[in-house]
>>> print(open('my_file_16.cif').read())   # mmCIF, C-alpha atoms and all ligand atoms
data_run
loop_
_atom_site.label_atom_id
_atom_site.label_comp_id
_atom_site.auth_asym_id
_atom_site.auth_seq_id
_atom_site.Cartn_x
_atom_site.Cartn_y
_atom_site.Cartn_z
CA MET W 1 14.25 32.69 25.36
CA LEU W 2 14.23 29.29 23.68
CA PRO W 3 17.62 27.87 22.75
CA THR W 4 17.68 27.31 18.99
CA PRO W 5 17.32 25.00 17.31
CA ILE W 6 14.95 22.78 19.29
CA TYR W 7 15.15 19.05 18.59
CA ASN W 8 12.09 17.05 19.56
CA PHE W 9 12.84 13.41 20.49
CA SER W 10 9.32 12.60 21.71
CA ALA W 11 8.08 9.04 21.19
CA GLY W 12 4.68 10.34 20.19
CA PRO W 13 2.88 12.52 19.48
CA ALA W 14 6.14 13.34 17.84
CA ILE W 15 8.15 15.63 15.64
CA LEU W 16 6.65 16.74 12.33
CA PRO W 17 8.57 18.27 9.42
CA GLU W 18 8.90 22.02 9.89
CA SER W 19 7.79 22.70 6.32
CA VAL W 20 4.55 20.80 6.98
CA LEU W 21 3.79 22.89 10.04
CA ARG W 22 4.59 26.08 8.10
CA THR W 23 2.21 25.08 5.32
CA ALA W 24 -0.48 24.28 7.86
CA GLN W 25 0.15 27.64 9.50
CA SER W 26 -0.18 29.50 6.21
CA GLU W 27 -3.39 27.63 5.38
CA MET W 28 -4.86 27.82 8.87
CA PHE W 29 -7.42 30.56 8.14
CA ASP W 30 -7.91 30.00 4.45
CA TYR W 31 -7.43 26.61 2.88
CA ASN W 32 -6.89 26.94 -0.82
CA GLY W 33 -9.09 30.01 -1.29
CA THR W 34 -12.09 28.54 0.52
CA GLY W 35 -11.94 31.26 3.16
CA PHE W 36 -11.92 28.84 6.07
CA SER W 37 -9.77 26.32 7.85
CA VAL W 38 -9.75 22.59 7.11
CA MET W 39 -10.68 22.23 10.80
CA THR W 40 -14.00 23.92 10.20
CA MET W 41 -15.21 22.36 6.96
CA SER W 42 -17.66 19.52 6.51
CA HIS W 43 -16.08 16.14 6.12
CA ARG W 44 -18.51 15.59 3.23
CA SER W 45 -17.53 18.76 1.40
CA ASP W 46 -15.82 18.35 -1.97
CA VAL W 47 -12.77 20.08 -0.57
CA PHE W 48 -12.29 17.64 2.29
CA MET W 49 -13.20 14.62 0.15
CA SER W 50 -10.40 15.67 -2.16
CA ILE W 51 -7.95 15.98 0.78
CA LEU W 52 -8.90 12.47 1.90
CA TYR W 53 -8.67 11.05 -1.61
CA HIS W 54 -5.21 12.49 -2.21
CA ALA W 55 -3.97 11.42 1.24
CA GLU W 56 -4.97 7.86 0.43
CA GLN W 57 -3.47 7.96 -3.08
CA ASP W 58 -0.18 9.39 -1.79
CA LEU W 59 0.00 6.77 0.98
CA ARG W 60 -0.66 4.08 -1.63
CA GLN W 61 2.14 5.43 -3.79
CA LEU W 62 4.61 5.71 -0.87
CA MET W 63 3.95 2.21 0.44
CA ASN W 64 3.27 0.66 -2.94
CA ILE W 65 -0.08 -0.67 -1.65
CA PRO W 66 -1.58 -3.22 -4.07
CA ASP W 67 -5.09 -2.67 -5.45
CA ASN W 68 -6.53 -5.57 -3.47
CA TYR W 69 -5.87 -3.70 -0.22
CA LYS W 70 -8.26 -1.13 1.24
CA VAL W 71 -7.08 1.89 3.22
CA LEU W 72 -8.98 3.48 6.10
CA PHE W 73 -8.26 6.51 8.26
CA LEU W 74 -10.14 5.63 11.44
CA GLN W 75 -10.33 7.16 14.89
CA GLY W 76 -9.63 5.40 18.18
CA GLY W 77 -5.85 5.08 18.05
CA ALA W 78 -3.76 1.99 17.53
CA SER W 79 -5.20 0.59 20.77
CA SER W 80 -8.65 0.40 19.19
CA GLN W 81 -7.22 -2.05 16.67
CA PHE W 82 -6.20 -4.55 19.36
CA ASN W 83 -9.91 -5.37 19.59
CA MET W 84 -11.15 -4.40 16.15
CA VAL W 85 -8.94 -6.94 14.42
CA VAL W 86 -10.28 -9.71 16.65
CA MET W 87 -13.92 -8.64 16.33
CA ASN W 88 -13.65 -8.48 12.55
CA LEU W 89 -11.24 -11.23 11.61
CA ALA W 90 -11.65 -13.93 14.26
CA ASN W 91 -15.30 -14.49 13.54
CA GLY W 92 -15.92 -18.26 13.46
CA PHE W 93 -12.32 -19.08 14.43
CA LYS W 94 -11.27 -20.81 17.63
CA ARG W 95 -7.76 -19.42 17.78
CA VAL W 96 -5.78 -16.22 17.32
CA ASP W 97 -1.98 -16.21 17.63
CA SER W 98 -0.29 -13.37 19.41
CA VAL W 99 3.40 -12.63 19.74
CA ILE W 100 4.61 -10.66 22.77
CA THR W 101 7.80 -8.70 22.21
CA GLY W 102 7.44 -5.71 24.53
CA ASN W 103 5.08 -3.25 26.15
CA TRP W 104 2.64 -2.72 23.27
CA SER W 105 2.26 -6.30 22.13
CA ALA W 106 1.75 -7.31 25.78
CA ILE W 107 -1.08 -4.80 26.08
CA ALA W 108 -2.53 -5.99 22.77
CA HIS W 109 -2.36 -9.58 24.01
CA SER W 110 -4.17 -8.70 27.23
CA GLN W 111 -6.93 -6.89 25.33
CA MET W 112 -7.53 -9.14 22.36
CA GLY W 113 -9.53 -11.77 24.24
CA LYS W 114 -12.15 -9.27 25.37
CA LEU W 115 -15.46 -9.62 23.52
CA SER W 116 -14.12 -12.67 21.71
CA ASP W 117 -14.61 -16.40 22.19
CA ALA W 118 -11.41 -17.27 20.34
CA GLU W 119 -8.45 -18.46 22.38
CA ILE W 120 -5.67 -15.85 22.25
CA HIS W 121 -2.72 -18.17 21.98
CA LEU W 122 0.69 -16.88 23.06
CA ALA W 123 2.84 -17.79 20.06
CA ALA W 124 6.09 -16.41 21.48
CA ASP W 125 7.04 -14.42 24.56
CA GLY W 126 10.08 -12.16 24.27
CA GLY W 127 9.65 -11.16 27.92
CA ALA W 128 10.03 -14.70 29.27
CA LEU W 129 12.75 -15.56 26.76
CA PHE W 130 14.91 -12.45 26.73
CA ASN W 131 13.49 -9.97 29.24
CA TYR W 132 12.71 -7.84 26.18
CA THR W 133 16.33 -7.41 25.14
CA ASN W 134 15.94 -9.52 22.02
CA LEU W 135 13.15 -10.71 19.71
CA PRO W 136 11.87 -14.26 19.20
CA PRO W 137 12.75 -15.23 15.61
CA VAL W 138 9.77 -15.65 13.33
CA ASN W 139 10.54 -19.32 12.74
CA SER W 140 10.20 -19.95 16.49
CA TRP W 141 6.66 -18.57 16.69
CA ASP W 142 4.19 -21.30 17.60
CA ILE W 143 1.52 -20.71 14.98
CA GLY W 144 -1.58 -22.81 14.29
CA LYS W 145 -2.52 -23.18 10.64
CA ASP W 146 -6.16 -22.90 11.70
CA SER W 147 -5.57 -19.64 13.51
CA ALA W 148 -7.57 -16.57 12.41
CA PHE W 149 -4.40 -14.47 12.20
CA VAL W 150 -1.05 -13.80 13.85
CA HIS W 151 -0.71 -10.47 15.64
CA PHE W 152 2.64 -8.82 16.31
CA VAL W 153 4.22 -5.39 16.82
CA ILE W 154 7.07 -4.78 14.39
CA ASN W 155 8.71 -1.97 16.39
CA GLU W 156 8.34 -1.86 20.16
CA THR W 157 8.34 1.85 20.96
CA VAL W 158 8.99 1.44 24.69
CA HIS W 159 11.58 -1.34 24.72
CA GLY W 160 13.45 -0.08 21.67
CA LEU W 161 13.18 -3.36 19.74
CA GLN W 162 12.54 -3.81 16.04
CA TYR W 163 12.37 -6.76 13.71
CA ARG W 164 15.22 -5.71 11.43
CA GLU W 165 14.17 -8.31 8.90
CA VAL W 166 10.49 -7.77 8.14
CA PRO W 167 8.56 -10.88 9.28
CA LYS W 168 6.95 -12.97 6.57
CA LEU W 169 4.93 -16.18 6.83
CA GLY W 170 4.43 -18.92 4.26
CA ASP W 171 1.41 -18.90 1.95
CA ASP W 172 -0.25 -21.72 3.89
CA MET W 173 -0.08 -19.72 7.12
CA PRO W 174 -2.70 -17.41 8.64
CA PRO W 175 -2.50 -13.72 7.73
CA LEU W 176 -0.11 -11.47 9.62
CA VAL W 177 -1.66 -8.56 11.47
CA CYS W 178 0.97 -5.96 12.21
CA ASP W 179 0.99 -2.96 14.53
CA MET W 180 3.31 -0.66 12.59
CA SER W 181 2.60 2.48 14.65
CA SER W 182 6.16 3.49 15.39
CA GLU W 183 7.84 2.58 12.13
CA ILE W 184 5.34 2.92 9.31
CA LEU W 185 6.91 4.65 6.27
CA SER W 186 10.40 4.45 7.80
CA ARG W 187 11.59 1.62 5.53
CA ARG W 188 10.43 -0.41 2.57
CA ILE W 189 8.07 -3.26 3.34
CA ASN W 190 6.04 -5.53 1.12
CA VAL W 191 2.38 -4.83 1.96
CA SER W 192 1.27 -8.10 0.41
CA ASP W 193 3.13 -10.01 3.15
CA PHE W 194 0.45 -8.77 5.56
CA GLY W 195 -3.26 -9.30 6.04
CA VAL W 196 -3.68 -6.09 8.03
CA ILE W 197 -1.30 -3.25 8.85
CA TYR W 198 -2.41 -0.64 11.32
CA ALA W 199 -0.75 2.41 12.85
CA GLY W 200 -1.62 5.36 15.04
CA ALA W 201 -0.60 8.43 13.04
CA GLN W 202 1.17 10.26 15.84
CA LYS W 203 4.72 9.02 15.30
CA ASN W 204 5.73 8.85 11.67
CA ILE W 205 2.63 10.27 10.01
CA GLY W 206 0.88 13.20 11.65
CA PRO W 207 -0.97 14.37 14.75
CA SER W 208 -2.80 11.92 16.99
CA GLY W 209 -6.41 11.22 16.06
CA ALA W 210 -6.02 9.34 12.80
CA THR W 211 -5.44 5.60 12.73
CA ILE W 212 -4.34 4.05 9.46
CA VAL W 213 -5.71 0.59 8.63
CA ILE W 214 -4.57 -1.23 5.50
CA ILE W 215 -6.53 -4.42 4.98
CA ARG W 216 -6.51 -7.16 2.36
CA GLU W 217 -9.86 -7.15 0.61
CA ASP W 218 -10.71 -10.84 0.94
CA LEU W 219 -10.48 -10.61 4.75
CA LEU W 220 -13.50 -8.31 4.74
CA GLU W 221 -15.68 -11.34 4.09
CA ARG W 222 -15.04 -12.29 7.71
CA CYS W 223 -16.61 -9.08 9.08
CA SER W 224 -19.98 -10.08 10.47
CA ASP W 225 -23.00 -7.78 10.24
CA ARG W 226 -23.43 -8.34 13.97
CA ILE W 227 -20.41 -6.13 14.65
CA PRO W 228 -21.60 -2.58 15.34
CA ASP W 229 -20.87 -0.42 12.27
CA VAL W 230 -18.46 1.87 14.06
CA TRP W 231 -16.16 -1.12 14.78
CA ASN W 232 -16.79 -2.88 11.51
CA TYR W 233 -14.13 -2.54 8.80
CA LYS W 234 -16.65 -3.45 6.11
CA SER W 235 -19.07 -0.69 7.14
CA HIS W 236 -16.30 1.90 7.00
CA ILE W 237 -15.16 0.71 3.60
CA GLU W 238 -18.67 0.50 2.15
CA ARG W 239 -19.09 4.18 3.10
CA GLN W 240 -15.70 5.25 1.70
CA GLY W 241 -14.33 6.01 5.15
CA MET W 242 -17.27 8.31 5.88
CA TYR W 243 -19.36 6.09 8.14
CA ASN W 244 -18.90 8.74 10.79
CA THR W 245 -16.88 11.94 10.98
CA PRO W 246 -13.23 11.11 10.41
CA ALA W 247 -10.40 13.01 12.12
CA THR W 248 -10.37 15.65 9.41
CA TYR W 249 -7.51 17.86 10.57
CA PRO W 250 -5.10 14.99 11.40
CA ILE W 251 -5.88 13.51 7.98
CA TYR W 252 -5.09 16.84 6.33
CA ILE W 253 -1.74 17.09 8.16
CA SER W 254 -0.99 13.44 7.35
CA GLY W 255 -1.57 14.27 3.69
CA LEU W 256 0.95 17.11 3.93
CA VAL W 257 3.44 14.70 5.51
CA PHE W 258 2.91 12.22 2.67
CA ARG W 259 3.73 14.95 0.15
CA TRP W 260 6.77 15.96 2.17
CA LEU W 261 7.92 12.33 2.10
CA GLN W 262 7.52 12.23 -1.66
CA SER W 263 9.56 15.42 -1.98
CA GLN W 264 12.32 13.83 0.12
CA GLY W 265 12.63 10.82 -2.17
CA GLY W 266 10.04 8.57 -0.56
CA VAL W 267 10.40 5.64 1.77
CA GLU W 268 13.59 4.37 0.14
CA GLN W 269 15.42 7.60 0.91
CA MET W 270 13.97 7.64 4.44
CA GLU W 271 15.30 4.15 4.99
CA THR W 272 18.81 5.24 4.02
CA ILE W 273 18.76 8.26 6.33
CA ASN W 274 17.10 6.35 9.19
CA THR W 275 19.74 3.63 8.98
CA LEU W 276 22.51 6.22 9.14
CA LYS W 277 20.92 8.09 12.05
CA ALA W 278 20.47 4.90 14.09
CA LYS W 279 23.97 3.61 13.29
CA THR W 280 25.53 6.93 14.33
CA LEU W 281 23.64 7.02 17.62
CA TYR W 282 24.23 3.37 18.57
CA GLU W 283 27.93 3.79 17.77
CA ALA W 284 28.10 6.76 20.11
CA ILE W 285 26.51 4.65 22.86
CA ASP W 286 28.76 1.63 22.22
CA ASN W 287 31.90 3.79 22.02
CA SER W 288 31.25 5.51 25.33
CA GLY W 289 33.27 2.95 27.27
CA GLY W 290 30.20 1.80 29.19
CA PHE W 291 29.09 5.26 30.31
CA TYR W 292 25.97 4.91 28.17
CA ILE W 293 24.31 1.52 28.09
CA ASN W 294 21.87 -0.07 25.65
CA ASN W 295 21.15 -3.70 26.48
CA VAL W 296 19.27 -4.61 23.33
CA HIS W 297 20.78 -7.33 21.16
CA PRO W 298 22.43 -5.51 18.20
CA GLY W 299 20.30 -7.45 15.70
CA ALA W 300 17.06 -6.29 17.34
CA ARG W 301 17.85 -2.65 18.05
CA SER W 302 15.18 -0.25 16.90
CA LYS W 303 16.11 2.34 14.31
CA MET W 304 13.22 4.48 15.52
CA ASN W 305 13.39 4.42 19.33
CA VAL W 306 16.88 4.31 20.77
CA ILE W 307 16.92 3.63 24.51
CA PHE W 308 19.94 4.13 26.76
CA HIS W 309 20.84 4.81 30.36
CA THR W 310 23.91 5.47 32.49
CA GLY W 311 23.24 2.87 35.19
CA ASN W 312 22.72 5.71 37.68
CA LYS W 313 19.19 7.09 38.15
CA GLU W 314 20.36 10.51 39.42
CA LEU W 315 22.67 10.90 36.46
CA ASP W 316 19.88 9.91 34.07
CA GLU W 317 17.67 12.57 35.63
CA LEU W 318 20.43 15.14 35.31
CA PHE W 319 20.85 14.15 31.66
CA ALA W 320 17.15 14.67 31.04
CA GLN W 321 17.21 18.08 32.72
CA GLU W 322 20.39 19.39 31.15
CA SER W 323 19.57 18.14 27.66
CA THR W 324 16.24 19.98 27.90
CA THR W 325 17.95 23.30 28.55
CA ARG W 326 20.11 22.67 25.46
CA GLY W 327 17.09 22.32 23.23
CA LEU W 328 17.20 18.51 23.13
CA ARG W 329 13.67 17.80 24.23
CA LEU W 330 11.58 14.90 25.54
CA LEU W 331 14.43 12.43 25.98
CA ARG W 332 13.14 10.93 29.23
CA GLY W 333 12.52 7.19 28.92
CA TYR W 334 9.06 5.63 29.23
CA LYS W 335 7.76 5.79 32.79
CA SER W 336 8.25 2.09 33.54
CA MET W 337 11.70 1.99 31.92
CA GLY W 338 13.52 5.07 33.23
CA GLY W 339 16.71 6.15 31.48
CA MET W 340 16.52 7.92 28.15
CA ARG W 341 14.82 7.32 24.85
CA ALA W 342 15.61 9.17 21.66
CA SER W 343 12.84 8.71 19.12
CA ILE W 344 14.35 9.46 15.74
CA TYR W 345 11.42 9.18 13.37
CA ASN W 346 11.45 10.29 9.73
CA ALA W 347 11.20 13.98 10.54
CA MET W 348 14.26 13.94 12.84
CA THR W 349 17.29 15.12 10.90
CA LEU W 350 20.81 13.72 11.06
CA GLN W 351 21.83 17.12 12.48
CA GLY W 352 19.43 16.52 15.38
CA VAL W 353 21.05 13.17 16.10
CA GLU W 354 24.52 14.73 15.86
CA ALA W 355 23.49 17.50 18.27
CA LEU W 356 22.35 14.82 20.71
CA ILE W 357 25.65 12.95 20.37
CA ASP W 358 27.65 16.17 20.93
CA PHE W 359 25.71 16.72 24.11
CA MET W 360 26.14 13.09 25.23
CA GLN W 361 29.90 13.35 24.80
CA GLU W 362 30.11 16.64 26.62
CA PHE W 363 27.94 15.28 29.46
CA GLN W 364 30.22 12.27 29.75
CA ARG W 365 33.31 14.49 29.94
CA ARG W 366 31.76 16.32 32.87
CA TYR W 367 30.30 13.36 34.77
CA GLY W 368 32.10 10.28 33.46
C1 LIG S 401 3.61 0.27 18.87
C2 LIG S 401 2.46 0.99 19.50
N1 LIG S 401 1.24 0.42 19.48
C3 LIG S 401 0.18 1.02 20.04
C4 LIG S 401 0.29 2.26 20.64
C5 LIG S 401 -0.93 2.88 21.23
O1 LIG S 401 -1.36 3.87 20.37
P1 LIG S 401 -2.63 4.78 20.64
O2 LIG S 401 -2.27 5.67 21.78
O3 LIG S 401 -2.80 5.50 19.34
O4 LIG S 401 -3.76 3.90 20.96
C6 LIG S 401 1.52 2.89 20.67
C7 LIG S 401 1.64 4.21 21.30
O5 LIG S 401 2.65 4.73 21.64
C8 LIG S 401 2.64 2.24 20.09
O6 LIG S 401 3.86 2.81 20.12
#
>>> encode(input="my_file_16.cif", output="structure tokens", more="lines below")
Ligand SMILES: Cc1ncc(COP(=O)(O)O)c(C=O)c1O
Amino acid sequence: MLPTPIYNFSAGPAILPESVLRTAQSEMFDYNGTGFSVMTMSHRSDVFMSILYHAEQDLRQLMNIPDNYKVLFLQGGASSQFNMVVMNLANGFKRVDSVITGNWSAIAHSQMGKLSDAEIHLAADGGALFNYTNLPPVNSWDIGKDSAFVHFVINETVHGLQYREVPKLGDDMPPLVCDMSSEILSRRINVSDFGVIYAGAQKNIGPSGATIVIIREDLLERCSDRIPDVWNYKSHIERQGMYNTPATYPIYISGLVFRWLQSQGGVEQMETINTLKAKTLYEAIDNSGGFYINNVHPGARSKMNVIFHTGNKELDELFAQESTTRGLRLLRGYKSMGGMRASIYNAMTLQGVEALIDFMQEFQRRYG
């Protein structure tokens, strides 16, 4: 028997709103009177084209995406973008700036130079500076005005770091390219501060398989025809996102999540709840008298991925095991980090966070 309720703290693929899964369940065999599942229909059918159209429109409404930005639902995951942005936007440039703030931006940095002649310049290194317990301020980034773009990760899923103030560069600076995978739609941002925003869907949006790319139109002029179509933003846009078969089912679920977000009051309301959830959880950690530890500088703590540990590996393991039997699932930290990580994306309720805190306090009473 499963303990109820189950709270899913996975970092990704991650929790989805229950009502979205129930809708998907009810439409599994018969989508809207068609007699078959979205999974089994042609991506070029009117029905799917309409699903894709509405998903894009709803995402535009939620993020307030200006008309001079294009939206794509690609495949390949966020990792594919580490190279796609360079292939498409660094054409004819000698330099790309890259900010390392944790696991994902370090991987991006190591990948970006492949298949590119541009120098991938390390603009700031949060590992060398702070051992990934704080973030290099934007005004300390070493950026070249002649750079093709500046790449950074706004929320580091593994190290539990987040730029609390959304980075913005001056008008005379190169465009910002932002990996927003683990925080997209969790708070208000100004899309026009970015050249490109990309995100794997599997954290705050939907199942894995869809990769959102939001790109400022004028940057498409940089996409050379020499780039194979499947990696070329311009080719995807010229074919309305239908260059090849998109991830139809993940797009359908993402569309349901967008509607759920609208019904919840949109990104603004999510931001309020996410702030409260994170504050409640960090307070519980900080008020534990040192039993639970989070070493991240308070101004850089992620509101999406809250990492903590007890300082004792056996105790951390016991925490992971016991919390699982209580229905608090997937709290083990990333493999290289150990400890615990509670991912509290949009679909995680305040009740889920409170249930986790109740368990943390009880665990401390027994082992503290
Ligand atoms: C911030 C960030 N970027 C990139 C990735 C890699 O995403 P994908 O597995 O979709 O390539 C992840 C995955 O967890 C992530 O959290």
>>> atom_distance(input="my_file_16.cif", atom1="atom CA of W:Ile293", atom2="atom CA of W:Arg341")
11.6 Å
>>> closest_residue(input="my_file_16.cif", among="W:Leu59, W:Ile107, W:Ala320, W:Val257", to="ligand LIG 401 (chain S)", atoms="all atoms listed in the file")
W:Ile107
>>> residues_near_point(input="my_file_16.cif", point="(7.4, 20.9, -0.2)", cutoff="12 Å", atoms="all atoms listed in the file", output="JSON list (two decimals) with C-alpha atoms, in the coordinates of the input")
[["chain", "number", "residue", "atom", "x", "y", "z"],
["W", 17, "PRO", "CA", 8.57, 18.27, 9.42],
["W", 18, "GLU", "CA", 8.90, 22.02, 9.89],
["W", 19, "SER", "CA", 7.79, 22.70, 6.32],
["W", 20, "VAL", "CA", 4.55, 20.80, 6.98],
["W", 21, "LEU", "CA", 3.79, 22.89, 10.04],
["W", 22, "ARG", "CA", 4.59, 26.08, 8.10],
["W", 23, "THR", "CA", 2.21, 25.08, 5.32],
["W", 24, "ALA", "CA", -0.48, 24.28, 7.86],
["W", 255, "GLY", "CA", -1.57, 14.27, 3.69],
["W", 256, "LEU", "CA", 0.95, 17.11, 3.93],
["W", 257, "VAL", "CA", 3.44, 14.70, 5.51],
["W", 258, "PHE", "CA", 2.91, 12.22, 2.67],
["W", 259, "ARG", "CA", 3.73, 14.95, 0.15],
["W", 260, "TRP", "CA", 6.77, 15.96, 2.17],
["W", 261, "LEU", "CA", 7.92, 12.33, 2.10],
["W", 262, "GLN", "CA", 7.52, 12.23, -1.66],
["W", 263, "SER", "CA", 9.56, 15.42, -1.98],
["W", 264, "GLN", "CA", 12.32, 13.83, 0.12],
["W", 265, "GLY", "CA", 12.63, 10.82, -2.17]]
>>> residues_around(input="my_file_16.cif", residues="W:Gly127", least_positions_apart="3", cutoff="10 Å", atoms="all atoms listed in the file", output="list of chain:residue names")
W:Ile100, W:Thr101, W:Gly102, W:Asn103, W:Ala106, W:Ala124, W:Phe130, W:Asn131, W:Tyr132, W:Thr133, W:Asn134, W:Leu135, W:Pro136
>>> atom_distance(input="my_file_16.cif", atom1="atom CA of W:Thr40", atom2="atom CA of W:Asn244")
16.0 Å
>>> residues_near_point(input="my_file_16.cif", point="(-0.5, -24.8, 13.8)", cutoff="12 Å", atoms="all atoms listed in the file", output="list of chain:residue names")
W:Arg95, W:Val96, W:Asp97, W:His121, W:Ala123, W:Trp141, W:Asp142, W:Ile143, W:Gly144, W:Lys145, W:Asp146, W:Ser147, W:Ala148, W:Phe149, W:Val150, W:Asp172, W:Met173, W:Pro174
>>> closest_residue(input="my_file_16.cif", among="W:Val153, W:Leu89, W:Leu52, W:Leu220", to="ligand LIG 401 (chain S)", atoms="all atoms listed in the file")
W:Val153
>>> atom_distance(input="my_file_16.cif", atom1="atom CA of W:Ile212", atom2="atom CA of W:Lys303")
21.1 Å
>>> build_atoms(input="my_file_16.cif", residues="stretch 313-324 of chain W", atoms="N, CA, C and O atoms", output="PDB file, keeping the file's coordinate frame")
ATOM      1  N   LYS W 313      20.481   6.381  38.341  1.00  0.00           N
ATOM      2  CA  LYS W 313      19.190   7.090  38.150  1.00  0.00           C
ATOM      3  C   LYS W 313      19.342   8.607  38.264  1.00  0.00           C
ATOM      4  O   LYS W 313      18.726   9.366  37.521  1.00  0.00           O
ATOM      5  N   GLU W 314      20.199   9.044  39.243  1.00  0.00           N
ATOM      6  CA  GLU W 314      20.360  10.510  39.420  1.00  0.00           C
ATOM      7  C   GLU W 314      21.020  11.121  38.183  1.00  0.00           C
ATOM      8  O   GLU W 314      20.652  12.214  37.757  1.00  0.00           O
ATOM      9  N   LEU W 315      21.980  10.392  37.650  1.00  0.00           N
ATOM     10  CA  LEU W 315      22.670  10.900  36.460  1.00  0.00           C
ATOM     11  C   LEU W 315      21.713  10.942  35.262  1.00  0.00           C
ATOM     12  O   LEU W 315      21.739  11.890  34.465  1.00  0.00           O
ATOM     13  N   ASP W 316      20.867   9.925  35.161  1.00  0.00           N
ATOM     14  CA  ASP W 316      19.880   9.910  34.070  1.00  0.00           C
ATOM     15  C   ASP W 316      18.964  11.135  34.188  1.00  0.00           C
ATOM     16  O   ASP W 316      18.640  11.783  33.194  1.00  0.00           O
ATOM     17  N   GLU W 317      18.559  11.436  35.411  1.00  0.00           N
ATOM     18  CA  GLU W 317      17.670  12.570  35.630  1.00  0.00           C
ATOM     19  C   GLU W 317      18.371  13.875  35.253  1.00  0.00           C
ATOM     20  O   GLU W 317      17.795  14.756  34.608  1.00  0.00           O
ATOM     21  N   LEU W 318      19.642  13.957  35.645  1.00  0.00           N
ATOM     22  CA  LEU W 318      20.430  15.140  35.310  1.00  0.00           C
ATOM     23  C   LEU W 318      20.563  15.280  33.791  1.00  0.00           C
ATOM     24  O   LEU W 318      20.485  16.380  33.243  1.00  0.00           O
ATOM     25  N   PHE W 319      20.746  14.152  33.137  1.00  0.00           N
ATOM     26  CA  PHE W 319      20.850  14.150  31.660  1.00  0.00           C
ATOM     27  C   PHE W 319      19.564  14.712  31.071  1.00  0.00           C
ATOM     28  O   PHE W 319      19.598  15.570  30.176  1.00  0.00           O
ATOM     29  N   ALA W 320      18.442  14.216  31.579  1.00  0.00           N
ATOM     30  CA  ALA W 320      17.150  14.670  31.040  1.00  0.00           C
ATOM     31  C   ALA W 320      16.987  16.171  31.244  1.00  0.00           C
ATOM     32  O   ALA W 320      16.556  16.897  30.339  1.00  0.00           O
ATOM     33  N   GLN W 321      17.378  16.648  32.428  1.00  0.00           N
ATOM     34  CA  GLN W 321      17.210  18.080  32.720  1.00  0.00           C
ATOM     35  C   GLN W 321      18.150  18.937  31.877  1.00  0.00           C
ATOM     36  O   GLN W 321      17.738  19.920  31.269  1.00  0.00           O
ATOM     37  N   GLU W 322      19.416  18.557  31.858  1.00  0.00           N
ATOM     38  CA  GLU W 322      20.390  19.390  31.150  1.00  0.00           C
ATOM     39  C   GLU W 322      20.156  19.376  29.635  1.00  0.00           C
ATOM     40  O   GLU W 322      20.311  20.393  28.977  1.00  0.00           O
ATOM     41  N   SER W 323      19.791  18.211  29.108  1.00  0.00           N
ATOM     42  CA  SER W 323      19.570  18.140  27.660  1.00  0.00           C
ATOM     43  C   SER W 323      18.390  19.053  27.279  1.00  0.00           C
ATOM     44  O   SER W 323      18.408  19.706  26.240  1.00  0.00           O
ATOM     45  N   THR W 324      17.398  19.126  28.175  1.00  0.00           N
ATOM     46  CA  THR W 324      16.240  19.980  27.900  1.00  0.00           C
ATOM     47  C   THR W 324      16.661  21.430  27.745  1.00  0.00           C
ATOM     48  O   THR W 324      16.221  22.117  26.815  1.00  0.00           O
TER      49      THR W 324
END
